[in-house]
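J.: Pasting in a structure now, in C-alpha cells, and then I'll have a few things to ask.
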Amino acid sequence: MKTEEYSITNLKALEAESIHIMREVVAEFERPVMLYSIGKDSSVMVRLAQKAFHPGKIPFSLLHVDTSYKFPLMTEFRDKFCKEIDADLIVERNEEAIAQDANPWDLGTVKCCAQLKTGALLGALEKGNYDAAFGGARRDEEKSRAKERIYSFRDARGQWDPKNQRPELWNLYNGRLNQDESIRVFPISNWTELDIWHYIHLENIPIVPLYFAKERDVIVRNDQLIPVGIKTKLQPGEVPEKVMCRFRTLGCYPCTGAVRSTATSVTDIIQEMMVERNSERITRIIDHDQEGSMEQKKKEGYF
Amino acid sequence: MTVDELLKQNQESDLLRFTTAGSVDDGKSTLIGRMLSDSKNIYEDHLDALKRDSKRLNREEVDLALLTDGLKAEREQGITIDVAYRYFSTPKRRFIIADTPGHVQYTRNMVTGASTANLAIVLIDARNGVLTQSKRHGFIASLLQIPHVVVAINKMDLVDYSEEVYETIRAEYNAFLAKLNIPDLMYIPISALRGDNVVNKGDAMPWYKGVPLLQYLEDVEISGDRNLIDLRFPVQYVNRPNLDFRGYCGTVASGVVRCGDKVMVLPSKKTSHIKSIETFDGEQDYAFPPQSVTLCLEDEIDISRGDMIVHVGNQPKVEYNVEAMLVWMSESKLEINKPYIIKHTVSDVRGVVSELHYHIDPDNLHRHQADSLELNEIGRVSLDLFKPIIFDDYTRNRATGSIILIDPMSNATVAAGMIIERRGSAEKISSDAASKPVSHNIVREYSLVTADDRERIMRQKPATIWMTGLSGSGKSTVAKELEKRLMELGQPCYLLDGDNVRHGLNRDLGFSADDRSENIRRIAEVAHLFNDAGMIVITSFISPYRADRAGAKKIIGEEAFIEVFIDAPIDVCEQRDPKGLYVKARAGEIASFTGVSAPYEAPETPVIHIKTDTTDVSDAVDSVIKQMIDTGLIKK
C-alpha cells in the first residue's frame, strides 16, 4: 500500500517559487536576459533556469559585465561552464573607462564601481534593449535589499525608487512597462546564504574553485585579507603573505576580501557556516564605504 | 551537531511565512529583534553596524528597529516605509517574516505582507488593551484569510504579569473576532523586552499553560492549509523545444494531479488524459501545490497561456462578472467604469468596476454607501470583464480567487482583490453561505418558550456530539450505540447519519469539495434546529476538513458543539472496510476518497479522542456519557 505524501521541504518550495518567477518573465517579456556574475548565486540561478525550461534550452542569454578586475579563475570557469550547459553568453565591458585605466585605487571604490559596473551594465542593457533582467540578489544579503521586490521596476535610466515601489501581492507580478522602462527580476529573493550552499551541495552544482580554501597570496589590511592581483597596488611596507583562505563572495579582486578557512569542500563550507558569526558581505569592501551605499548604488541602476 | 545532521535537518525542515501586525510602539521591532537574537540569527557585523547606527542617530539604546529599517530615510526618520522581509531559522523550521510598518499606510502594507502569509502575529499592548487598530488588524487577517492568527499580548511586564489583564483583553478581542472568520486563533501573553514567552517560557507567568511564541511558530501545523481537493493548474508557458515535445508549464495552484488523470482544459472544455508529469529531476507520478512542473497530455489540443487544466468532475467558475472585496492601494482613487487591467493567476484581462456596493470601515465593520475608494480603503465591488476569467471564491482558493488591478496609464498596481460569492446569484449556495449576511427583510421571530423551559422539561442541556473520523473508523457503530444508551437513560436524542441525510435533504449534493462543504453546513443547521428544540444530536460524518468543522461549530455554537475524534489508523480502517469502499478507491473507482486520494485533517484539540483499534464500543460510549455528565449536559 502506497500513501501519497504532500509535504514539501523548504528548498523545494523555494525552488518551485523561483521556477514560477522565471517562467512568468519569459512568458510576459519580449527580451529577457540573465545577469551572470559567475558567483555561487548565479550558478544556482542558472540551474533553476535549466529546471524551469527543461527539456528545452534556457530561452535567454546570460550577460556578464566584465570590469577587467575579475579573478582570472572566474572568467576561465565562466567560459567552460557556459559551453558545457550550452548557454548563450554575452560579455560586456565599459571599454572607454577601461582604456582610461579606471581603477579603485585612484578613483575610490564608489566611482570605480559607477563606471566599470553600473555604467557597463546600463550600457549593455540599453544595447540589448532588454525589458527584463534577472539578477541573483537575495533579500537576506543587505538591508536595502530586504526592501526589494521580486519584480523591481526601473525607469528609463535604470534607476530604482525605493519609496515608490509597486505593491507585490500573492504571486501576481505586475510587469507592465512603458517605452524604455525595464524590470529587474530577483527570482532567488527569498533564499538565504545557507539555502544556496545546501542547494549547491544537493544538486552538485559546479562553482568557481575560489570558494574553496587554498594557500593564496594576500595582503593583510585592517583585518581584511586582500588578494594580490596583477594591478594590485601595495601600500608602503606591505608584503604579500601566504594564507590558507577562501572567498565567501566573489567580485573584483581589489574589492573582495578573503576569509581564513580550511574548507575545501561544500560540506566543509556548510560546516564553517554553522559557527560563522559574520555575514558574507563583510568581505565586500563596497558595502562599507558609507551608510546606505548599496541603496545609493541601486538607485543609480546597480543590481 | 555534525554537518550531516545539519544537512538532514535542513532538507527536512519546511517553511512558514508570517507577518507581524501592531500599532506604533506595540513593540513589534523589539519582538522581531528578540526572536532573531534569542534564536541566534543575527550576524555579529550586522549587530556592530546596528550599534554604530544607533549611536550616530543619537538613540539612547541599541535600537533593534534599525535592523529591519533598511532604507536611509527610514533610519533617519525612525519610520518604516515599506514591507521588509527577514529570514531566520530554528532546527525545526525556516521562517520568512514580512515585517510591515504600523502607521498611516498600514492597510496597504499589511495586505501585501498578509497575501503570502500562513500566519499573522497581531500585537496588543497589555497597557492599552484592544485598540481600534487591533480590530483593523484582525479584520485584515480575516479578509485575507490568513489560516492562523496569534494574538501576542505584549508588555505583560508593565502590568505586573497580571492574568486578569490578559483575560480581559482576550475576552474583549474574542468578542470582536467572533464576527469574523478566523480559522485558527491563539493567544499568548509575552514580554518582548524581557523575553517572557517569546523564545523561552520564563517564570513570570506560571498561570499561562501554553507554549512560548517561537515554539508555537515551530509547531503549528500548516500542511493542511493547502487546498488539495480542487485541481487548478493555470498554464503559464507552453514549452515546445522541438517537434517531439509539447509540455504545459505551471505551478499547481491547488489539488493533486496524477498521471493518467482525465482532465479538462478551460475555457475550451476539451478533455484529455495526463500522459506524464515532467521535471528536470525526472518524471513524477503526481504533483501537488506549490510544485512547479510541466504536464504532457495524451492528445494534441490547443492550449495557451492563461488556460487552466482541471479535473472534469470539479470545475471552477468561468465568468464575465465577478464580485470582489477590493483594497485600494493607490493615491489616485477608484473610478467607476474606467478600464483597468485585472491580473488573475497568469492572465491579464481588461475590465471595469461597474458598481461599488459599499465601503467597509475596518475599525468597526460598519458599511457605508460610497462613490469611490481612496488609498487604504476597502469595499465590495462588481467587476465587468471584457473576457471571462477562470476562478474560485477566495475563501475556497487563495490562488485562483485573488486579483490585482493595474492602471493602464500609469501601470501602477492600484488595488488588490479577493473574489467572493456573488450577491443574489441564482447559483447554489457555497461553503461560505454560513457566514453570508441574510437579507435585511428577514427578521428573526422569537418563541414564547425559552431554552430554559425546554431544558427543564427534557432534563438535559441540548448539544451536538459531532463524530469525525475516517471511513471505517467506527463512527456509525459508536454513534448508534450512544443513541441507544442515551435513550435507555431517558435522554431525548437523535442520530444524523451521513448516508441517510444524503438520501433526502442533501440528495442534490455530490462529493466535490464545494458540495461536501455544503453538506456539512446543512447538517450543522439541522443539528442546530434539533438542539434548539431541546434534543441532543449525534452526528456521524467523515467531515474531513478542519475549516468545515469550524464552520459547523460556529453554526451550532461553541458550547453545544462536542467534537469527538473517532481515531483508527488507516490500515485498520482499510482492513475493516465495511462498505468495500477502500477497495474501490484503491482501484481508482472513487475519486477523492478520504485517506486514499483526499486528505483527512485530524482535529487538533477534540473534546474526546477515542482510539477504536484499542478501545471497545461500550468503553467508547462510556467515555462520551461520562464527559456529558461531567460537563452537566445530562444528570447522573
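Every chain in the C-alpha cells takes a letter, A first, then B, and so on in the order presented; its residues are numbered from 1, and the ligands are numbered from 1 following the presented order.
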Using only C-alpha atoms, find which residues of chain A lie within 6 Å of chain B and jot them down as an mmCIF file with N, CA, C and O atoms, in the first residue's frame.

T.:
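The resulting result13.cif:
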```cif
data_model
loop_
_atom_site.group_PDB
_atom_site.id
_atom_site.type_symbol
_atom_site.label_atom_id
_atom_site.label_comp_id
_atom_site.auth_asym_id
_atom_site.auth_seq_id
_atom_site.Cartn_x
_atom_site.Cartn_y
_atom_site.Cartn_z
ATOM 1 N N THR A 9 9.641 20.352 1.189
ATOM 2 C CA THR A 9 10.677 20.917 2.040
ATOM 3 C C THR A 9 10.903 22.369 1.657
ATOM 4 O O THR A 9 10.513 22.825 0.589
ATOM 5 N N ASN A 10 11.573 23.054 2.579
ATOM 6 C CA ASN A 10 11.905 24.450 2.373
ATOM 7 C C ASN A 10 12.595 24.688 1.027
ATOM 8 O O ASN A 10 12.190 25.557 0.255
ATOM 9 N N ALA A 16 10.528 25.875 -6.345
ATOM 10 C CA ALA A 16 9.290 25.997 -7.116
ATOM 11 C C ALA A 16 8.921 27.465 -7.333
ATOM 12 O O ALA A 16 8.486 27.861 -8.412
ATOM 13 N N ALA A 27 7.376 34.301 -20.269
ATOM 14 C CA ALA A 27 6.092 34.371 -20.957
ATOM 15 C C ALA A 27 5.640 35.811 -21.179
ATOM 16 O O ALA A 27 4.971 36.110 -22.158
ATOM 17 N N LYS A 51 16.103 24.125 -14.948
ATOM 18 C CA LYS A 51 14.958 23.348 -14.474
ATOM 19 C C LYS A 51 13.646 23.896 -15.017
ATOM 20 O O LYS A 51 12.740 23.140 -15.346
ATOM 21 N N HIS A 54 13.368 22.930 -18.866
ATOM 22 C CA HIS A 54 13.651 21.564 -19.261
ATOM 23 C C HIS A 54 12.424 20.958 -19.966
ATOM 24 O O HIS A 54 11.307 21.191 -19.527
ATOM 25 N N GLY A 56 13.813 21.897 -22.736
ATOM 26 C CA GLY A 56 14.356 22.879 -23.672
ATOM 27 C C GLY A 56 15.603 23.551 -23.120
ATOM 28 O O GLY A 56 15.989 23.334 -21.978
ATOM 29 N N LYS A 143 20.548 45.217 3.991
ATOM 30 C CA LYS A 143 19.234 45.697 4.425
ATOM 31 C C LYS A 143 18.442 46.458 3.371
ATOM 32 O O LYS A 143 17.221 46.439 3.404
ATOM 33 N N SER A 144 19.097 47.131 2.426
ATOM 34 C CA SER A 144 18.276 47.793 1.402
ATOM 35 C C SER A 144 17.672 46.737 0.475
ATOM 36 O O SER A 144 16.618 46.936 -0.113
ATOM 37 N N ALA A 146 16.491 43.961 1.484
ATOM 38 C CA ALA A 146 15.334 43.370 2.171
ATOM 39 C C ALA A 146 14.047 44.066 1.764
ATOM 40 O O ALA A 146 12.959 43.575 1.997
ATOM 41 N N LYS A 147 14.192 45.259 1.163
ATOM 42 C CA LYS A 147 13.022 46.041 0.761
ATOM 43 C C LYS A 147 12.702 45.836 -0.714
ATOM 44 O O LYS A 147 11.790 46.458 -1.247
ATOM 45 N N ARG A 166 5.958 49.226 -6.585
ATOM 46 C CA ARG A 166 4.642 48.623 -6.771
ATOM 47 C C ARG A 166 4.403 47.583 -5.686
ATOM 48 O O ARG A 166 5.271 46.753 -5.437
ATOM 49 N N LEU A 169 1.596 41.396 -4.405
ATOM 50 C CA LEU A 169 0.690 40.542 -3.634
ATOM 51 C C LEU A 169 0.611 39.148 -4.218
ATOM 52 O O LEU A 169 0.662 38.979 -5.433
ATOM 53 N N TRP A 170 0.418 38.185 -3.347
ATOM 54 C CA TRP A 170 0.325 36.772 -3.738
ATOM 55 C C TRP A 170 1.498 36.484 -4.688
ATOM 56 O O TRP A 170 2.602 36.928 -4.411
ATOM 57 N N ARG A 176 4.110 45.485 -16.178
ATOM 58 C CA ARG A 176 3.744 46.377 -17.288
ATOM 59 C C ARG A 176 4.685 47.570 -17.364
ATOM 60 O O ARG A 176 5.031 48.172 -16.356
ATOM 61 N N GLN A 271 29.742 23.444 7.109
ATOM 62 C CA GLN A 271 30.154 23.268 8.496
ATOM 63 C C GLN A 271 30.695 24.576 9.073
ATOM 64 O O GLN A 271 30.388 24.957 10.189
ATOM 65 N N ARG A 277 29.926 33.824 12.550
ATOM 66 C CA ARG A 277 29.145 34.850 13.232
ATOM 67 C C ARG A 277 29.063 36.159 12.437
ATOM 68 O O ARG A 277 28.524 37.134 12.902
ATOM 69 N N ASN A 278 29.669 36.181 11.240
ATOM 70 C CA ASN A 278 29.599 37.399 10.435
ATOM 71 C C ASN A 278 28.880 37.127 9.125
ATOM 72 O O ASN A 278 28.908 36.019 8.609
ATOM 73 N N SER A 279 28.242 38.134 8.566
ATOM 74 C CA SER A 279 27.537 37.960 7.306
ATOM 75 C C SER A 279 28.544 37.904 6.165
ATOM 76 O O SER A 279 29.694 38.329 6.304
ATOM 77 N N GLY A 292 24.317 53.201 3.802
ATOM 78 C CA GLY A 292 23.371 53.305 2.693
ATOM 79 C C GLY A 292 24.035 53.260 1.335
ATOM 80 O O GLY A 292 23.448 53.659 0.341
#
```

J.: Mind checking which residues fall within 12 Å of Ile205 (chain A), counting only C-alpha atoms, ignoring those fewer than 3 positions away in the same chain, and posting them as a count of residues only?

T.: 22

J.: Skip Pro578 (chain B) itself and residues of its chain fewer than 6 positions away, then list as a compact mmCIF listing (two decimals) with N, CA, C and O atoms, in the first residue's frame all residues within 12 Å of it, counting only C-alpha atoms.

T.:
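To be explicit, this is the file written out as result.txt:
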```txt
# COMPACT_ATOMS: atom_id res chain seq x y z
N SER B 471 -13.43 6.86 7.05
CA SER B 471 -14.41 5.84 6.73
C SER B 471 -13.92 4.51 7.33
O SER B 471 -12.76 4.15 7.16
N GLY B 472 -14.77 3.83 8.07
CA GLY B 472 -14.36 2.57 8.67
C GLY B 472 -13.73 2.73 10.04
O GLY B 472 -13.30 1.76 10.66
N SER B 473 -13.66 3.96 10.57
CA SER B 473 -13.02 4.15 11.87
C SER B 473 -13.94 3.72 13.00
O SER B 473 -13.50 3.53 14.13
N GLY B 474 -15.24 3.60 12.70
CA GLY B 474 -16.18 3.15 13.74
C GLY B 474 -17.15 4.22 14.20
O GLY B 474 -17.78 4.07 15.25
N LYS B 475 -17.29 5.30 13.43
CA LYS B 475 -18.18 6.39 13.81
C LYS B 475 -19.62 5.91 13.98
O LYS B 475 -20.25 6.16 15.00
N SER B 476 -20.13 5.22 12.96
CA SER B 476 -21.53 4.80 12.99
C SER B 476 -21.78 3.84 14.14
O SER B 476 -22.79 3.94 14.84
N THR B 477 -20.85 2.91 14.36
CA THR B 477 -21.01 1.93 15.42
C THR B 477 -21.12 2.63 16.78
O THR B 477 -22.03 2.37 17.56
N VAL B 572 -5.96 -0.06 9.62
CA VAL B 572 -7.02 -0.76 10.35
C VAL B 572 -8.37 -0.51 9.66
O VAL B 572 -9.14 -1.44 9.41
```

J.: Applying 12 Å and only C-alpha atoms, which residues near Asp619 (chain B) remain after dropping the ones on its own chain fewer than 4 positions away? List them as an MDAnalysis selection string.

T.: chainID B and resid 478 481:482 610:612 614:615 623:626

J.: Can those selected residues be exported to a file as a PDB file, in the first residue's frame so that it contains C-alpha atoms?

T.:
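What ended up in again.pdb:
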```pdb
ATOM      1  CA  VAL B 478     -20.195   4.235  18.317  1.00  0.00           C
ATOM      2  CA  GLU B 481     -24.646   2.563  20.455  1.00  0.00           C
ATOM      3  CA  LEU B 482     -24.523   6.016  22.056  1.00  0.00           C
ATOM      4  CA  ILE B 610     -11.400   7.590  21.029  1.00  0.00           C
ATOM      5  CA  LYS B 611      -8.931   5.140  19.545  1.00  0.00           C
ATOM      6  CA  THR B 612     -11.144   2.368  18.222  1.00  0.00           C
ATOM      7  CA  THR B 614      -7.638  -0.315  21.229  1.00  0.00           C
ATOM      8  CA  THR B 615     -10.995   0.624  22.818  1.00  0.00           C
ATOM      9  CA  SER B 623     -16.338   7.861  27.929  1.00  0.00           C
ATOM     10  CA  VAL B 624     -18.757  10.043  25.964  1.00  0.00           C
ATOM     11  CA  ILE B 625     -21.506   9.631  28.576  1.00  0.00           C
ATOM     12  CA  LYS B 626     -19.061  10.449  31.354  1.00  0.00           C
TER      13      LYS B 626
END
```

J.: For Glu181 (chain A), which of A:Asp131, A:Glu300, A:Glu168, A:Glu96 is the closest residue, counting only C-alpha atoms?

T.: A:Asp131

J.: Taking only C-alpha atoms into account, name the residue in A:Val239, A:Leu250, A:Val25, A:Met34 that is nearest to Tyr151 (chain A).

T.: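 Looking at the shortest contact to Tyr151 (chain A), the residue is A:Val25.
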
J.: Give me, as a PyMOL selection string, the residues of region 148-321 of chain B that a backbone DSSP run labels strand (DSSP E or B).

T.: chain B and resi 148-154+184-189+191+196+200+232-234+237-242+245-251+254+257-258+262-266+270-278+284+286-287+292-297+308-311+314+317-321
